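Peer 1: The file below is entry27.cif, mmCIF, C-alpha atoms:
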```cif
data_data
#
loop_
_atom_site.label_atom_id
_atom_site.label_comp_id
_atom_site.auth_asym_id
_atom_site.auth_seq_id
_atom_site.Cartn_x
_atom_site.Cartn_y
_atom_site.Cartn_z
CA MET A 1 -175.19 -147.56 179.05
CA GLN A 2 -173.50 -144.47 180.10
CA SER A 3 -175.13 -141.14 180.05
CA LYS A 4 -174.06 -138.33 177.80
CA GLY A 5 -172.53 -136.40 180.75
CA ALA A 6 -170.53 -139.41 181.87
CA SER A 7 -169.23 -139.93 178.35
CA TYR A 8 -168.28 -136.24 178.11
CA SER A 9 -166.46 -136.51 181.46
CA LEU A 10 -164.47 -139.53 180.22
CA ILE A 11 -163.49 -137.66 177.04
CA MET A 12 -162.39 -134.64 179.08
CA ASP A 13 -160.39 -136.83 181.45
CA HIS A 14 -158.77 -138.54 178.48
CA GLU A 15 -157.88 -135.16 176.90
CA LYS A 16 -156.41 -133.91 180.19
CA GLU A 17 -154.37 -137.06 180.50
CA MET A 18 -153.07 -136.68 176.92
CA LYS A 19 -152.22 -133.00 177.49
CA ARG A 20 -150.42 -133.92 180.70
CA LYS A 21 -148.42 -136.65 178.89
CA ILE A 22 -147.50 -134.23 176.09
CA SER A 23 -146.53 -131.60 178.65
CA ASN A 24 -144.44 -134.15 180.58
CA ARG A 25 -142.68 -135.27 177.38
CA GLU A 26 -141.88 -131.65 176.45
CA SER A 27 -140.67 -130.95 179.99
CA ALA A 28 -138.49 -134.08 179.94
CA LYS A 29 -137.13 -133.06 176.54
CA ARG A 30 -136.28 -129.57 177.85
CA SER A 31 -134.68 -131.12 180.91
CA ARG A 32 -132.52 -133.43 178.75
CA MET A 33 -131.54 -130.45 176.57
CA ARG A 34 -130.54 -128.41 179.66
CA ARG A 35 -128.59 -131.37 181.03
CA ASP A 36 -126.82 -131.89 177.68
CA GLN A 37 -125.99 -128.18 177.46
CA HIS A 38 -124.70 -128.24 181.04
CA MET A 39 -122.48 -131.25 180.23
CA LYS A 40 -121.19 -129.48 177.11
CA ASP A 41 -120.43 -126.35 179.18
CA LEU A 42 -118.62 -128.44 181.79
CA ASN A 43 -116.54 -130.15 179.09
CA ASP A 44 -115.70 -126.77 177.54
CA GLN A 45 -114.61 -125.50 180.96
CA MET A 46 -112.53 -128.62 181.49
CA VAL A 47 -110.72 -128.07 178.18
CA TYR A 48 -110.24 -124.36 178.95
CA PHE A 49 -108.81 -124.99 182.42
CA ALA A 50 -106.59 -127.83 181.19
CA LYS A 51 -105.15 -125.44 178.59
CA LYS A 52 -104.66 -122.73 181.25
CA ARG A 53 -102.98 -125.27 183.55
CA ASP A 54 -100.58 -126.29 180.77
CA GLU A 55 -99.78 -122.63 180.05
CA MET A 56 -99.10 -121.97 183.73
CA LEU A 57 -96.91 -125.06 184.05
CA SER A 58 -94.93 -123.93 181.02
CA LYS A 59 -94.51 -120.45 182.49
CA MET A 60 -93.51 -121.93 185.84
CA GLU A 61 -90.91 -124.10 184.14
CA GLY A 62 -89.50 -121.05 182.35
CA VAL A 63 -89.41 -119.07 185.59
CA ALA A 64 -87.72 -121.98 187.36
CA GLN A 65 -85.04 -122.10 184.65
CA GLU A 66 -84.53 -118.34 184.87
CA TYR A 67 -84.33 -118.60 188.65
CA ALA A 68 -81.71 -121.35 188.43
CA ALA A 69 -79.65 -119.27 185.98
CA MET A 70 -79.94 -116.18 188.21
CA GLU A 71 -79.01 -118.20 191.29
CA MET A 72 -75.94 -119.56 189.49
CA GLU A 73 -74.96 -116.04 188.40
CA ASN A 74 -75.48 -114.79 191.97
CA MET A 75 -73.21 -117.55 193.29
CA VAL A 76 -70.49 -116.52 190.83
CA LEU A 77 -70.93 -112.84 191.72
CA ARG A 78 -70.83 -113.59 195.46
CA SER A 79 -67.64 -115.58 194.97
CA GLN A 80 -66.09 -112.78 192.92
CA LYS A 81 -67.17 -110.24 195.53
CA GLN A 82 -65.59 -112.27 198.30
CA GLU A 83 -62.37 -112.66 196.32
CA LEU A 84 -62.26 -108.93 195.57
CA GLU A 85 -62.93 -108.08 199.22
CA GLU A 86 -60.07 -110.37 200.26
CA ARG A 87 -57.76 -108.78 197.68
CA LEU A 88 -58.76 -105.31 198.84
CA GLU A 89 -58.11 -106.22 202.46
CA TYR A 90 -54.74 -107.68 201.50
CA ALA A 91 -53.91 -104.59 199.44
CA LYS A 92 -54.80 -102.39 202.42
CA ARG A 93 -52.49 -104.43 204.67
CA VAL A 94 -49.70 -104.30 202.10
CA SER A 95 -50.10 -100.57 201.58
CA GLY A 96 -49.83 -100.12 205.35
CA TRP A 97 -46.62 -102.17 205.40
CA CYS A 98 -44.97 -100.54 202.43
CA GLU A 99 -44.63 -96.84 202.98
CA GLY A 100 -42.14 -95.31 200.63
CA ASP A 101 -40.25 -92.05 200.83
CA GLY A 102 -41.55 -90.82 197.52
CA HIS A 103 -38.36 -91.83 195.65
CA GLY A 104 -39.02 -95.57 195.41
CA HIS A 105 -37.29 -96.49 198.67
CA VAL A 106 -39.35 -98.78 200.90
CA SER A 107 -38.92 -98.09 204.58
CA MET A 108 -40.71 -101.13 206.04
CA LEU A 109 -41.76 -104.65 204.93
CA PRO A 110 -43.90 -107.15 206.83
CA MET A 111 -42.21 -109.82 208.89
CA GLY A 112 -41.74 -112.96 206.80
CA GLY A 113 -42.19 -111.10 203.51
CA PHE A 114 -45.08 -111.11 201.09
CA GLN A 115 -47.14 -114.20 200.44
CA GLU A 116 -48.44 -113.27 197.00
CA PRO A 117 -45.92 -114.08 194.22
CA TRP A 118 -46.79 -110.93 192.28
CA LEU A 119 -45.71 -108.95 195.34
CA ARG A 120 -42.30 -110.76 195.44
CA PRO A 121 -40.58 -109.59 192.27
CA TRP A 122 -37.19 -110.76 193.61
CA ASP A 123 -38.39 -114.39 193.49
CA GLN A 124 -37.03 -115.52 190.12
CA HIS A 125 -39.15 -118.65 190.05
CA GLN A 126 -42.37 -116.67 190.09
CA ILE A 127 -41.86 -113.66 187.86
CA SER A 128 -39.53 -112.90 184.94
CA ASN A 129 -36.48 -110.63 185.26
CA SER A 130 -38.28 -107.80 183.53
CA MET A 131 -40.61 -107.47 186.50
CA TYR A 132 -37.87 -106.69 189.05
CA PRO A 133 -38.36 -103.32 190.76
CA MET A 134 -35.71 -100.89 189.68
CA SER A 135 -35.17 -97.21 190.21
CA SER A 136 -34.21 -94.81 187.47
CA THR A 137 -30.55 -95.35 188.44
CA GLY A 138 -30.83 -99.09 187.84
CA ASN A 139 -30.48 -100.02 191.52
CA PHE A 140 -32.80 -102.39 193.26
CA HIS A 141 -34.82 -100.93 196.15
CA LEU A 142 -36.44 -103.45 198.45
#
```
Let me see the structure of the file written as structure tokens.
Peer 2:
Amino acid sequence: MQSKGASYSLIMDHEKEMKRKISNRESAKRSRMRRDQHMKDLNDQMVYFAKKRDEMLSKMEGVAQEYAAMEMENMVLRSQKQELEERLEYAKRVSGWCEGDGHGHVSMLPMGGFQEPWLRPWDQHQISNSMYPMSSTGNFHL
């Protein structure tokens, strides 16, 4: 038979073991709860960032469309600018060639004539008769 002290020691050991098991179970339960919460937080973040990504992609698509429209408009404006610069340069050359005396008489024309039809009013195939240059006396002055 066991002595009373030995029996008491076994009971105490058994109680310690039971407390340790209960403590381990509670600790494991807390650990599972933390892990589950962490997984839930990660899933929430994943949903949040997926939504943000979709919003950014949508904005980028809109910006890309706006950029394409602006680029097209810039191409048109550059083309118009170049055409206007060419017209201005031509007008400057023509104004240098055609110096009048103030009464509608032209003193000098370029060699070979004008290349633009609107500057050749005497060419009947290009412009109607009403566009011919006339002085107040009804005479042509070329």
Peer 1: When you draw a straight line from CA of Met18 in chain A to CA of Gln37 in chain A, how long is it in Å?
Peer 2: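 Atom-to-atom, CA of Met18 in chain A and CA of Gln37 in chain A are spaced 28.4 Å apart.
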Peer 1: Measure the distance from CA of Met46 in chain A to CA of Gln65 in chain A in Å and round it to one decimal.
Peer 2: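 CA of Gln65 in chain A lies 28.4 Å from CA of Met46 in chain A.
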Peer 1: To one decimal in Å, tell me the separation between CA of Val76 in chain A and CA of Ser95 in chain A.
Peer 2: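 Going from CA of Val76 in chain A over to CA of Ser95 in chain A covers 28.0 Å.
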